[in-house]
file query.pdb (PDB, C-alpha atoms)
ATOM      1  CA  MET A1165       0.000   0.000   0.000
ATOM      2  CA  ASP A1166       2.855   2.380   0.853
ATOM      3  CA  ASP A1167       4.439   1.693  -2.548
ATOM      4  CA  GLU A1168       1.334   3.042  -4.267
ATOM      5  CA  LEU A1169       1.385   6.088  -2.016
ATOM      6  CA  PHE A1170       5.081   6.668  -2.676
ATOM      7  CA  ASP A1171       4.375   6.488  -6.383
ATOM      8  CA  LYS A1172       1.639   9.102  -6.047
ATOM      9  CA  ILE A1173       3.925  11.378  -4.031
ATOM     10  CA  ARG A1174       6.639  11.123  -6.663
ATOM     11  CA  ASN A1175       4.612  11.080  -9.841
ATOM     12  CA  GLY A1176       1.098  12.284  -9.047
ATOM     13  CA  SER A1177      -0.375  15.777  -9.260
ATOM     14  CA  GLU A1178       0.293  18.162  -6.389
ATOM     15  CA  GLU A1179      -3.124  17.426  -4.928
ATOM     16  CA  ASP A1180      -2.712  13.632  -5.261
ATOM     17  CA  ALA A1181       0.741  13.837  -3.708
ATOM     18  CA  ARG A1182      -0.583  15.842  -0.735
ATOM     19  CA  GLU A1183      -3.411  13.381  -0.208
ATOM     20  CA  ALA A1184      -1.039  10.412  -0.546
ATOM     21  CA  TYR A1185       1.332  11.961   2.004
ATOM     22  CA  LYS A1186      -1.563  12.436   4.436
ATOM     23  CA  ASN A1187      -2.604   8.803   3.965
ATOM     24  CA  MET A1188       0.924   7.607   4.421
ATOM     25  CA  ARG A1189       1.208   9.471   7.727
ATOM     26  CA  LYS A1190      -2.133   7.980   8.787
ATOM     27  CA  ASN A1191      -0.981   4.451   7.898
ATOM     28  CA  SER A1192       2.279   4.942   9.670
ATOM     29  CA  LEU A1193       0.512   6.137  12.830
ATOM     30  CA  LYS A1194      -1.909   3.216  12.585
ATOM     31  CA  HIS A1195       1.017   0.797  12.514
ATOM     32  CA  ALA A1196       2.633   2.542  15.472
ATOM     33  CA  VAL A1197      -0.595   2.229  17.470
ATOM     34  CA  ILE A1198      -1.025  -1.455  16.703
ATOM     35  CA  ALA A1199       2.639  -2.120  17.497
ATOM     36  CA  ILE A1200       1.796  -1.257  21.111
ATOM     37  CA  ILE A1201      -0.019  -4.559  21.639
ATOM     38  CA  THR A1202       0.931  -6.840  18.780
ATOM     39  CA  ARG A1203       3.416  -8.865  20.756
ATOM     40  CA  ASN A1204       4.816 -12.330  20.266
ATOM     41  CA  LEU A1205       5.221 -14.683  23.190
ATOM     42  CA  SER A1206       8.509 -13.510  24.558
ATOM     43  CA  HIS A1207      10.060 -12.174  27.760
ATOM     44  CA  GLY A1208      13.408 -13.039  29.205
ATOM     45  CA  LEU A1209      14.957 -12.028  32.495
ATOM     46  CA  GLY A1210      16.084  -8.422  32.865
ATOM     47  CA  ARG A1211      18.879  -6.852  34.824
ATOM     48  CA  HIS A1212      16.761  -5.338  37.588
ATOM     49  CA  LEU A1213      15.676  -8.745  38.812
ATOM     50  CA  THR A1214      18.985 -10.468  38.510
ATOM     51  CA  LYS A1215      20.235  -7.872  41.013
ATOM     52  CA  THR A1216      17.372  -8.568  43.443
ATOM     53  CA  PRO A1217      18.047 -10.813  46.445
ATOM     54  CA  LYS A1218      16.157 -14.088  46.032
ATOM     55  CA  LYS A1219      13.209 -14.822  48.260
ATOM     56  CA  GLU A1220      11.474 -18.119  48.995
ATOM     57  CA  VAL A1221       8.341 -18.901  46.974
TER      58      VAL A1221
ATOM     59  CA  MET B1317      -0.329 -23.043   8.643
ATOM     60  CA  LYS B1318       1.003 -26.191  10.261
ATOM     61  CA  ASP B1319      -1.074 -28.508  12.416
ATOM     62  CA  ASP B1320      -0.108 -29.641  15.906
ATOM     63  CA  GLN B1321       1.405 -32.917  14.594
ATOM     64  CA  GLU B1322       3.877 -30.949  12.477
ATOM     65  CA  ILE B1323       4.619 -28.576  15.356
ATOM     66  CA  HIS B1324       5.262 -31.589  17.559
ATOM     67  CA  LYS B1325       7.841 -32.808  14.999
ATOM     68  CA  ILE B1326       9.559 -29.393  14.866
ATOM     69  CA  ALA B1327       9.920 -29.352  18.667
ATOM     70  CA  HIS B1328      11.314 -32.881  18.746
ATOM     71  CA  ARG B1329      13.772 -31.976  15.980
ATOM     72  CA  GLN B1330      14.900 -29.023  18.109
ATOM     73  CA  ILE B1331      15.802 -31.249  21.063
ATOM     74  CA  ALA B1332      17.461 -33.958  18.963
ATOM     75  CA  GLY B1333      21.161 -34.169  19.762
ATOM     76  CA  LYS B1334      20.987 -31.961  22.842
ATOM     77  CA  TYR B1335      22.749 -33.373  25.859
ATOM     78  CA  TYR B1336      20.921 -33.249  29.175
ATOM     79  CA  GLY B1337      22.109 -36.419  30.903
ATOM     80  CA  ASN B1338      20.036 -39.057  32.661
ATOM     81  CA  HIS B1339      17.753 -37.844  35.404
ATOM     82  CA  LYS B1340      15.371 -39.583  37.717
ATOM     83  CA  ASP B1341      12.601 -36.989  37.480
ATOM     84  CA  ALA B1342      11.323 -34.437  34.983
ATOM     85  CA  LEU B1343      12.169 -31.394  37.087
ATOM     86  CA  THR B1344      15.832 -32.386  37.504
ATOM     87  CA  LEU B1345      16.004 -33.103  33.795
ATOM     88  CA  LEU B1346      14.574 -29.661  32.940
ATOM     89  CA  ARG B1347      16.977 -27.948  35.329
ATOM     90  CA  ASN B1348      19.828 -29.577  33.416
ATOM     91  CA  PHE B1349      18.474 -28.988  29.922
ATOM     92  CA  PRO B1350      20.662 -26.626  27.841
ATOM     93  CA  PHE B1351      18.251 -23.686  27.533
ATOM     94  CA  TYR B1352      19.517 -20.393  26.142
ATOM     95  CA  PHE B1353      19.080 -17.264  28.299
ATOM     96  CA  SER B1354      19.614 -13.614  27.537
ATOM     97  CA  THR B1355      19.173 -10.470  29.640
ATOM     98  CA  GLU B1356      18.578  -8.288  26.612
ATOM     99  CA  LEU B1357      15.535  -6.030  26.962
ATOM    100  CA  ASN B1358      13.206  -5.121  24.117
ATOM    101  CA  LEU B1359      14.241  -7.867  21.747
ATOM    102  CA  ASP B1360      13.114  -7.044  18.242
ATOM    103  CA  GLN B1361       9.595  -8.436  17.708
ATOM    104  CA  ARG B1362      10.506  -9.706  14.232
ATOM    105  CA  GLN B1363      13.401 -11.657  15.695
ATOM    106  CA  ILE B1364      11.157 -13.101  18.412
ATOM    107  CA  ALA B1365       8.549 -14.043  15.795
ATOM    108  CA  LEU B1366      11.194 -15.921  13.823
ATOM    109  CA  PHE B1367      12.407 -17.684  16.980
ATOM    110  CA  ASN B1368       8.828 -18.702  17.751
ATOM    111  CA  ILE B1369       8.144 -19.970  14.236
ATOM    112  CA  ASN B1370      11.131 -22.285  14.508
ATOM    113  CA  LEU B1371      10.501 -23.086  18.186
ATOM    114  CA  ASP B1372      14.028 -21.832  18.648
ATOM    115  CA  GLY B1373      15.125 -22.038  22.276
ATOM    116  CA  ARG B1374      16.224 -18.398  22.240
ATOM    117  CA  GLY B1375      12.537 -17.447  22.506
ATOM    118  CA  CYS B1376      10.087 -18.168  25.303
ATOM    119  CA  LEU B1377       7.823 -20.323  23.127
ATOM    120  CA  GLY B1378      10.766 -22.394  21.898
ATOM    121  CA  LYS B1379      11.928 -22.991  25.469
ATOM    122  CA  VAL B1380       8.494 -24.181  26.554
ATOM    123  CA  ALA B1381       7.997 -26.319  23.414
ATOM    124  CA  GLN B1382      11.412 -27.927  23.881
ATOM    125  CA  ALA B1383      10.767 -28.457  27.600
ATOM    126  CA  GLY B1384       7.472 -30.180  26.705
ATOM    127  CA  ALA B1385       9.148 -32.292  24.031
ATOM    128  CA  VAL B1386      11.932 -33.496  26.323
ATOM    129  CA  VAL B1387       9.541 -34.355  29.175
ATOM    130  CA  GLU B1388       7.292 -36.166  26.716
ATOM    131  CA  LYS B1389      10.275 -38.097  25.358
ATOM    132  CA  GLU B1390      11.857 -39.077  28.683
ATOM    133  CA  PHE B1391       8.791 -39.273  30.921
ATOM    134  CA  PRO B1392       5.932 -40.276  28.611
ATOM    135  CA  GLU B1393       3.675 -40.932  31.584
ATOM    136  CA  ALA B1394       3.820 -37.273  32.713
ATOM    137  CA  LYS B1395       0.822 -35.124  31.852
ATOM    138  CA  ILE B1396       2.036 -32.018  30.074
ATOM    139  CA  GLN B1397       0.035 -28.840  29.529
ATOM    140  CA  PHE B1398       0.757 -25.340  28.323
ATOM    141  CA  GLY B1399       0.297 -22.480  30.787
ATOM    142  CA  GLU B1400      -0.453 -18.994  29.492
ATOM    143  CA  VAL B1401       0.730 -16.546  32.154
ATOM    144  CA  LEU B1402      -2.053 -14.177  33.155
ATOM    145  CA  GLU B1403      -0.296 -12.670  36.161
ATOM    146  CA  ASP B1404       3.466 -12.625  36.080
ATOM    147  CA  PHE B1405       5.653 -13.414  39.072
ATOM    148  CA  PHE B1406       8.497 -11.131  37.888
ATOM    149  CA  CYS B1407       6.168  -8.262  37.143
ATOM    150  CA  ASN B1408       4.773  -8.458  40.673
ATOM    151  CA  ILE B1409       8.281  -8.196  42.150
ATOM    152  CA  LEU B1410       8.914  -5.018  40.161
ATOM    153  CA  LEU B1411       5.518  -3.624  41.166
ATOM    154  CA  ASP B1412       6.469  -4.208  44.810
ATOM    155  CA  MET B1413       9.790  -2.466  44.228
ATOM    156  CA  LEU B1414       7.931   0.406  42.577
ATOM    157  CA  LYS B1415       5.629   0.791  45.574
ATOM    158  CA  LYS B1416       8.618   1.077  47.858
ATOM    159  CA  ASN B1417      10.456   3.454  45.577
ATOM    160  CA  PRO B1418       8.387   5.207  42.869
ATOM    161  CA  ASP B1419      11.434   6.999  41.515
ATOM    162  CA  GLN B1420      12.729   4.344  39.125
ATOM    163  CA  SER B1421      14.785   4.548  35.951
ATOM    164  CA  ASP B1422      13.457   4.168  32.391
ATOM    165  CA  SER B1423      15.154   0.772  32.166
ATOM    166  CA  PHE B1424      13.207  -0.381  35.230
ATOM    167  CA  PHE B1425       9.907   0.480  33.524
ATOM    168  CA  GLU B1426      11.046  -1.068  30.250
ATOM    169  CA  GLU B1427      11.768  -4.249  32.162
ATOM    170  CA  LEU B1428       8.358  -4.101  33.824
ATOM    171  CA  LEU B1429       6.720  -3.760  30.399
ATOM    172  CA  MET B1430       8.705  -6.759  29.220
ATOM    173  CA  TYR B1431       7.398  -8.924  32.076
ATOM    174  CA  GLU B1432       3.884  -8.004  31.037
ATOM    175  CA  GLU B1433       4.321  -9.323  27.518
ATOM    176  CA  PRO B1434       2.608 -12.596  26.577
ATOM    177  CA  HIS B1435       4.419 -15.448  28.228
ATOM    178  CA  SER B1436       4.048 -19.164  28.780
ATOM    179  CA  VAL B1437       5.281 -21.972  31.001
ATOM    180  CA  LEU B1438       5.207 -25.749  30.898
ATOM    181  CA  LEU B1439       2.875 -27.549  33.260
ATOM    182  CA  PHE B1440       3.685 -31.121  34.034
ATOM    183  CA  ASN B1441       1.485 -33.117  36.359
ATOM    184  CA  GLY B1442      -0.093 -29.770  37.254
ATOM    185  CA  ARG B1443       3.202 -28.207  38.363
ATOM    186  CA  GLN B1444       4.622 -25.097  36.697
ATOM    187  CA  PHE B1445       8.025 -25.168  35.100
ATOM    188  CA  GLU B1446       9.267 -21.691  34.219
ATOM    189  CA  PRO B1447      12.554 -21.979  32.266
ATOM    190  CA  LEU B1448      13.577 -18.591  33.716
ATOM    191  CA  SER B1449      13.691 -20.224  37.145
ATOM    192  CA  ILE B1450      17.125 -21.563  36.088
ATOM    193  CA  PRO B1451      18.943 -18.216  35.716
ATOM    194  CA  PHE B1452      16.804 -16.795  38.543
ATOM    195  CA  GLN B1453      18.049 -19.653  40.725
ATOM    196  CA  GLN B1454      14.775 -20.474  42.406
ATOM    197  CA  ASP B1455      11.559 -22.242  41.504
ATOM    198  CA  ILE B1456       8.987 -19.837  40.168
ATOM    199  CA  SER B1457       5.245 -20.138  40.234
ATOM    200  CA  HIS B1458       3.275 -17.459  38.438
ATOM    201  CA  PRO B1459       0.259 -16.428  40.517
ATOM    202  CA  LYS B1460      -2.244 -16.810  37.675
ATOM    203  CA  ILE B1461      -2.036 -19.007  34.604
ATOM    204  CA  LYS B1462      -4.492 -20.597  32.200
ATOM    205  CA  ALA B1463      -3.841 -24.218  31.232
ATOM    206  CA  PHE B1464      -4.283 -25.483  27.653
ATOM    207  CA  PRO B1465      -3.646 -28.791  25.874
ATOM    208  CA  PHE B1466       0.083 -28.603  25.207
ATOM    209  CA  TRP B1467       0.676 -29.083  21.469
ATOM    210  CA  GLU B1468      -2.512 -27.300  20.471
ATOM    211  CA  ALA B1469      -1.441 -24.263  22.501
ATOM    212  CA  VAL B1470       2.108 -24.324  21.125
ATOM    213  CA  THR B1471       0.554 -24.392  17.647
ATOM    214  CA  ALA B1472      -1.828 -21.516  18.411
ATOM    215  CA  SER B1473       0.944 -19.434  20.031
ATOM    216  CA  ARG B1474       3.178 -20.030  17.043
ATOM    217  CA  MET B1475       0.351 -18.755  14.813
ATOM    218  CA  ILE B1476       0.520 -15.414  16.681
ATOM    219  CA  SER B1477       4.031 -15.074  15.272
ATOM    220  CA  GLU B1478       2.915 -16.324  11.874
ATOM    221  CA  ALA B1479       0.277 -13.572  11.836
ATOM    222  CA  TRP B1480       2.845 -11.025  13.017
ATOM    223  CA  LEU B1481       5.110 -11.854  10.057
ATOM    224  CA  GLU B1482       2.248 -11.841   7.535
ATOM    225  CA  GLU B1483       1.792  -8.537   5.707
ATOM    226  CA  ASN B1484      -1.759  -8.850   4.421
ATOM    227  CA  PRO B1485      -4.068  -7.549   7.200
ATOM    228  CA  TYR B1486      -6.938  -9.847   6.217
ATOM    229  CA  ARG B1487      -4.622 -12.845   6.242
ATOM    230  CA  LYS B1488      -3.270 -11.779   9.675
ATOM    231  CA  ILE B1489      -6.830 -11.826  10.991
ATOM    232  CA  GLU B1490      -7.609 -15.126   9.279
ATOM    233  CA  ILE B1491      -4.564 -16.778  10.912
ATOM    234  CA  LEU B1492      -5.566 -15.546  14.368
ATOM    235  CA  VAL B1493      -9.185 -16.574  13.897
ATOM    236  CA  GLU B1494      -7.884 -20.078  13.122
ATOM    237  CA  ALA B1495      -5.621 -19.915  16.196
ATOM    238  CA  GLY B1496      -8.649 -18.872  18.241
ATOM    239  CA  LYS B1497     -10.485 -21.997  17.103
ATOM    240  CA  ILE B1498      -7.632 -24.115  18.497
ATOM    241  CA  CYS B1499      -7.409 -22.259  21.836
ATOM    242  CA  PRO B1500     -10.516 -20.081  22.173
ATOM    243  CA  GLU B1501      -9.526 -18.711  25.571
ATOM    244  CA  MET B1502      -5.937 -17.756  24.849
ATOM    245  CA  VAL B1503      -5.640 -14.055  25.699
ATOM    246  CA  ALA B1504      -2.521 -13.390  23.605
ATOM    247  CA  ILE B1505      -4.446 -14.327  20.454
ATOM    248  CA  LYS B1506      -7.200 -11.843  21.284
ATOM    249  CA  GLU B1507      -4.746  -9.067  22.168
ATOM    250  CA  ASN B1508      -3.039  -9.417  18.811
ATOM    251  CA  LEU B1509      -6.302  -9.831  16.935
ATOM    252  CA  SER B1510      -7.723  -6.657  18.459
ATOM    253  CA  SER B1511      -4.837  -4.626  17.057
ATOM    254  CA  TYR B1512      -5.172  -6.079  13.558
ATOM    255  CA  PHE B1513      -8.796  -4.938  13.411
ATOM    256  CA  ILE B1514      -7.378  -1.400  13.295
ATOM    257  CA  LEU B1515      -5.675  -2.270  10.015
ATOM    258  CA  ILE B1516      -9.036  -2.953   8.391
ATOM    259  CA  ASP B1517     -10.702   0.069  10.043
ATOM    260  CA  ARG B1518     -12.767  -1.937  12.510
ATOM    261  CA  GLU B1519     -12.010   0.169  15.570
ATOM    262  CA  ARG B1520     -15.119  -0.888  17.463
ATOM    263  CA  TYR B1521     -14.112  -4.577  17.246
ATOM    264  CA  ALA B1522     -10.606  -3.635  18.349
ATOM    265  CA  ILE B1523     -11.877  -1.725  21.382
ATOM    266  CA  ASP B1524     -14.341  -4.434  22.444
ATOM    267  CA  LEU B1525     -11.762  -7.181  22.175
ATOM    268  CA  ALA B1526      -9.070  -5.156  23.946
ATOM    269  CA  GLU B1527     -11.554  -4.387  26.751
ATOM    270  CA  GLU B1528     -12.307  -8.109  27.047
ATOM    271  CA  THR B1529      -8.613  -8.988  27.345
ATOM    272  CA  LEU B1530      -7.926  -6.162  29.785
ATOM    273  CA  ALA B1531     -10.349  -7.758  32.242
ATOM    274  CA  ILE B1532      -8.466 -11.084  32.071
ATOM    275  CA  ARG B1533      -4.831 -10.025  31.646
ATOM    276  CA  PRO B1534      -4.564  -6.389  32.737
ATOM    277  CA  ASN B1535      -1.405  -4.763  31.428
ATOM    278  CA  ALA B1536      -0.116  -1.307  30.598
ATOM    279  CA  ARG B1537       0.140  -1.881  26.845
ATOM    280  CA  THR B1538      -3.532  -2.779  26.519
ATOM    281  CA  MET B1539      -4.487   0.175  28.725
ATOM    282  CA  TYR B1540      -2.484   2.559  26.573
ATOM    283  CA  PHE B1541      -3.802   1.005  23.354
ATOM    284  CA  LEU B1542      -7.350   1.585  24.608
ATOM    285  CA  TYR B1543      -6.468   5.155  25.517
ATOM    286  CA  LEU B1544      -5.171   5.782  21.997
ATOM    287  CA  LEU B1545      -8.318   4.340  20.460
ATOM    288  CA  THR B1546     -10.880   5.929  22.742
ATOM    289  CA  LYS B1547      -9.043   9.030  24.036
ATOM    290  CA  ASP B1548     -10.628   8.151  27.376
ATOM    291  CA  ARG B1549      -8.350   9.387  30.169
ATOM    292  CA  LYS B1550      -9.602   6.628  32.476
ATOM    293  CA  TYR B1551      -6.999   4.327  30.895
ATOM    294  CA  ILE B1552      -4.212   6.794  31.625
ATOM    295  CA  LYS B1553      -5.493   7.006  35.181
ATOM    296  CA  MET B1554      -5.353   3.196  35.400
ATOM    297  CA  ILE B1555      -1.723   3.275  34.258
ATOM    298  CA  GLU B1556      -0.836   6.008  36.723
ATOM    299  CA  GLU B1557      -2.525   4.225  39.603
ATOM    300  CA  LYS B1558      -1.160   0.742  38.941
ATOM    301  CA  TYR B1559       2.292   1.774  37.715
ATOM    302  CA  SER B1560       3.521   5.299  37.202
ATOM    303  CA  PRO B1561       2.973   8.186  34.734
ATOM    304  CA  LYS B1562       6.379   7.249  33.365
ATOM    305  CA  ILE B1563       4.933   4.108  31.740
ATOM    306  CA  ALA B1564       2.450   6.215  29.743
ATOM    307  CA  TYR B1565       5.321   8.501  28.791
ATOM    308  CA  LEU B1566       7.436   5.556  27.570
ATOM    309  CA  LEU B1567       4.566   4.079  25.563
ATOM    310  CA  ARG B1568       3.816   7.490  24.023
ATOM    311  CA  LYS B1569       7.480   7.754  23.075
ATOM    312  CA  GLU B1570       7.282   4.309  21.487
ATOM    313  CA  VAL B1571       4.304   5.352  19.346
ATOM    314  CA  ILE B1572       6.039   8.568  18.267
ATOM    315  CA  GLU B1573       9.238   6.744  17.396
ATOM    316  CA  ASN B1574       7.394   4.086  15.395
ATOM    317  CA  GLY B1575       4.898   6.452  13.768
TER     318      GLY B1575
END
call {"tool": "encode", "arguments": {"input": "query.pdb", "output": "structure tokens"}}
result
Amino acid sequence: MDDELFDKIRNGSEEDAREAYKNMRKNSLKHAVIAIITRNLSHGLGRHLTKTPKKEV
Amino acid sequence: MKDDQEIHKIAHRQIAGKYYGNHKDALTLLRNFPFYFSTELNLDQRQIALFNINLDGRGCLGKVAQAGAVVEKEFPEAKIQFGEVLEDFFCNILLDMLKKNPDQSDSFFEELLMYEEPHSVLLFNGRQFEPLSIPFQQDISHPKIKAFPFWEAVTASRMISEAWLEENPYRKIEILVEAGKICPEMVAIKENLSSYFILIDRERYAIDLAEETLAIRPNARTMYFLYLLTKDRKYIKMIEEKYSPKIAYLLRKEVIENG
């Protein structure tokens, strides 16, 4: 989708290019918002806990 | 998409040739299994997705899949299940530390966010095995987990990564809908699915699903996601009350940097 928008920015009329730029910004923001919670199963052990004294569970 | 039989084969291929000695019980065996551990924060999600697809032991899913495979191989009588962590032991320690001292560094909050990410453990005979208990040097029991049939849940969790790597938004959703049929109650599937609804301009679905997951696995990322979608300050208030305003600041920074 971004390729099409890039093409419009480069080769389209001034109005098309402006509109395409706006859409590209919107898409980019959309992806940034979804990146907040699209997470794979992950999670290791960080440095703050490796420094913590161990307690019994 | 691969079915759970194929996933089972991938996991068994991953443990083939690994040396872990002879042990009288599953727990001792797992404590001696050559897992890979890293203390790197904010691992790249693409890298994690690729680890998960291959059930590579450098990722959490790979560790659990390999742990399940080795227990299944050496102790076939043991009942293995997959535990989705709904309340994280490590996260609770940091929350306690935060209560005692609210003035913490950015890296502290980044670590807290990491412990809130989707995570899983192996359950055998009803007992939790958290691979991170090895570098942490004590047995760990997460306060709240949801148990699933093992290979089905490994398959469904792997599909989260498959959807992550897929570029077509409709296909992403299709993959997660399929994953949801395998493990209908897995929260991580719903969290990811809710975000992909944004890609096809179905904000209402995204909000409803994120709200549903927030009630089961409350975490700062979902709160902030809901704030971004609804502009309702109640989610920011939730973040400030449970954690610190700094978490909202870090998540805002993440959106700006990625946007």
call {"tool": "resolve_selection", "arguments": {"input": "query.pdb", "expression": "the PyMOL selection byres ((chain A) within 7 of (chain B))", "output": "MDAnalysis selection string"}}
result
chainID A and resid 1192:1193 1195:1198 1200:1212 1214 1221
call {"tool": "write_last_selection", "arguments": {"input": "query.pdb", "atoms": "C-alpha atoms", "output": "PDB file, keeping the file's coordinate frame"}}
result
ATOM      1  CA  SER A1192       2.279   4.942   9.670  1.00  0.00           C
ATOM      2  CA  LEU A1193       0.512   6.137  12.830  1.00  0.00           C
ATOM      3  CA  HIS A1195       1.017   0.797  12.514  1.00  0.00           C
ATOM      4  CA  ALA A1196       2.633   2.542  15.472  1.00  0.00           C
ATOM      5  CA  VAL A1197      -0.595   2.229  17.470  1.00  0.00           C
ATOM      6  CA  ILE A1198      -1.025  -1.455  16.703  1.00  0.00           C
ATOM      7  CA  ILE A1200       1.796  -1.257  21.111  1.00  0.00           C
ATOM      8  CA  ILE A1201      -0.019  -4.559  21.639  1.00  0.00           C
ATOM      9  CA  THR A1202       0.931  -6.840  18.780  1.00  0.00           C
ATOM     10  CA  ARG A1203       3.416  -8.865  20.756  1.00  0.00           C
ATOM     11  CA  ASN A1204       4.816 -12.330  20.266  1.00  0.00           C
ATOM     12  CA  LEU A1205       5.221 -14.683  23.190  1.00  0.00           C
ATOM     13  CA  SER A1206       8.509 -13.510  24.558  1.00  0.00           C
ATOM     14  CA  HIS A1207      10.060 -12.174  27.760  1.00  0.00           C
ATOM     15  CA  GLY A1208      13.408 -13.039  29.205  1.00  0.00           C
ATOM     16  CA  LEU A1209      14.957 -12.028  32.495  1.00  0.00           C
ATOM     17  CA  GLY A1210      16.084  -8.422  32.865  1.00  0.00           C
ATOM     18  CA  ARG A1211      18.879  -6.852  34.824  1.00  0.00           C
ATOM     19  CA  HIS A1212      16.761  -5.338  37.588  1.00  0.00           C
ATOM     20  CA  THR A1214      18.985 -10.468  38.510  1.00  0.00           C
ATOM     21  CA  VAL A1221       8.341 -18.901  46.974  1.00  0.00           C
TER      22      VAL A1221
END
call {"tool": "atom_distance", "arguments": {"input": "query.pdb", "atom1": "CA of Ile1516 (chain B)", "atom2": "CA of Ala1564 (chain B)"}}
result
25.9 Å
call {"tool": "atom_distance", "arguments": {"input": "query.pdb", "atom1": "CA of Arg1487 (chain B)", "atom2": "CA of Trp1467 (chain B)"}}
result
22.9 Å
call {"tool": "atom_distance", "arguments": {"input": "query.pdb", "atom1": "CA of Asp1171 (chain A)", "atom2": "CA of Ala1184 (chain A)"}}
result
8.9 Å
call {"tool": "residues_around", "arguments": {"input": "query.pdb", "residues": "region 1320-1329 of chain B", "least_positions_apart": "4", "cutoff": "6 Å", "atoms": "all atoms listed in the file", "output": "short mmCIF file (atom, residue, chain, number, x, y, z; two decimals) with C-alpha atoms, in the coordinates of the input"}}
result
data_model
loop_
_atom_site.label_atom_id
_atom_site.label_comp_id
_atom_site.auth_asym_id
_atom_site.auth_seq_id
_atom_site.Cartn_x
_atom_site.Cartn_y
_atom_site.Cartn_z
CA ALA B 1381 8.00 -26.32 23.41
CA GLN B 1382 11.41 -27.93 23.88
CA ALA B 1385 9.15 -32.29 24.03
CA TRP B 1467 0.68 -29.08 21.47
CA GLU B 1468 -2.51 -27.30 20.47
CA THR B 1471 0.55 -24.39 17.65
#
call {"tool": "resolve_selection", "arguments": {"input": "query.pdb", "expression": "the PyMOL selection byres ((chain B and resi 1343) around 10)", "output": "list of chain:residue names"}}
result
B:His1339, B:Lys1340, B:Asp1341, B:Ala1342, B:Thr1344, B:Leu1345, B:Leu1346, B:Arg1347, B:Asn1348, B:Phe1349, B:Val1387, B:Phe1440, B:Arg1443, B:Gln1444, B:Phe1445
call {"tool": "closest_residue", "arguments": {"input": "query.pdb", "among": "B:Ala1472, B:Ile1461, B:Ile1523, B:Leu1530", "to": "Ile1498 (chain B)", "atoms": "only C-alpha atoms"}}
result
B:Ala1472
call {"tool": "closest_residue", "arguments": {"input": "query.pdb", "among": "B:Pro1534, B:Pro1500, B:Pro1485, B:Pro1418", "to": "Lys1562 (chain B)", "atoms": "only C-alpha atoms"}}
result
B:Pro1418
call {"tool": "axis_aligned_box", "arguments": {"input": "query.pdb", "around": "region 1332-1344 of chain B", "padding_each_side": "5 Å", "output": "AutoDock Vina command-line options"}}
result
--center_x 17.0 --center_y -35.5 --center_z 28.3 --size_x 21.4 --size_y 18.2 --size_z 28.8
call {"tool": "decode", "arguments": {"input": "query.pdb", "residues": "region 1363-1374 of chain B", "atoms": "N, CA and C atoms", "output": "short mmCIF file (atom, residue, chain, number, x, y, z; two decimals), in the first residue's frame"}}
result
data_model
loop_
_atom_site.label_atom_id
_atom_site.label_comp_id
_atom_site.auth_asym_id
_atom_site.auth_seq_id
_atom_site.Cartn_x
_atom_site.Cartn_y
_atom_site.Cartn_z
N GLN B 1363 12.47 -10.60 15.31
CA GLN B 1363 13.40 -11.66 15.69
C GLN B 1363 12.69 -12.69 16.57
N ILE B 1364 11.90 -12.19 17.52
CA ILE B 1364 11.16 -13.10 18.41
C ILE B 1364 10.18 -13.95 17.59
N ALA B 1365 9.51 -13.30 16.63
CA ALA B 1365 8.55 -14.04 15.79
C ALA B 1365 9.26 -15.18 15.06
N LEU B 1366 10.45 -14.89 14.55
CA LEU B 1366 11.19 -15.92 13.82
C LEU B 1366 11.65 -17.04 14.77
N PHE B 1367 12.06 -16.66 15.98
CA PHE B 1367 12.41 -17.68 16.98
C PHE B 1367 11.19 -18.58 17.23
N ASN B 1368 10.04 -17.94 17.41
CA ASN B 1368 8.83 -18.70 17.75
C ASN B 1368 8.40 -19.63 16.61
N ILE B 1369 8.52 -19.16 15.40
CA ILE B 1369 8.14 -19.97 14.24
C ILE B 1369 8.98 -21.27 14.20
N ASN B 1370 10.24 -21.11 14.55
CA ASN B 1370 11.13 -22.29 14.51
C ASN B 1370 11.21 -23.02 15.85
N LEU B 1371 10.43 -22.56 16.82
CA LEU B 1371 10.50 -23.09 18.19
C LEU B 1371 11.95 -23.09 18.65
N ASP B 1372 12.62 -22.02 18.30
CA ASP B 1372 14.03 -21.83 18.65
C ASP B 1372 14.11 -21.52 20.14
N GLY B 1373 15.02 -22.19 20.82
CA GLY B 1373 15.12 -22.04 22.28
C GLY B 1373 15.56 -20.66 22.75
N ARG B 1374 15.88 -19.77 21.81
CA ARG B 1374 16.22 -18.40 22.24
C ARG B 1374 14.97 -17.60 22.57
#
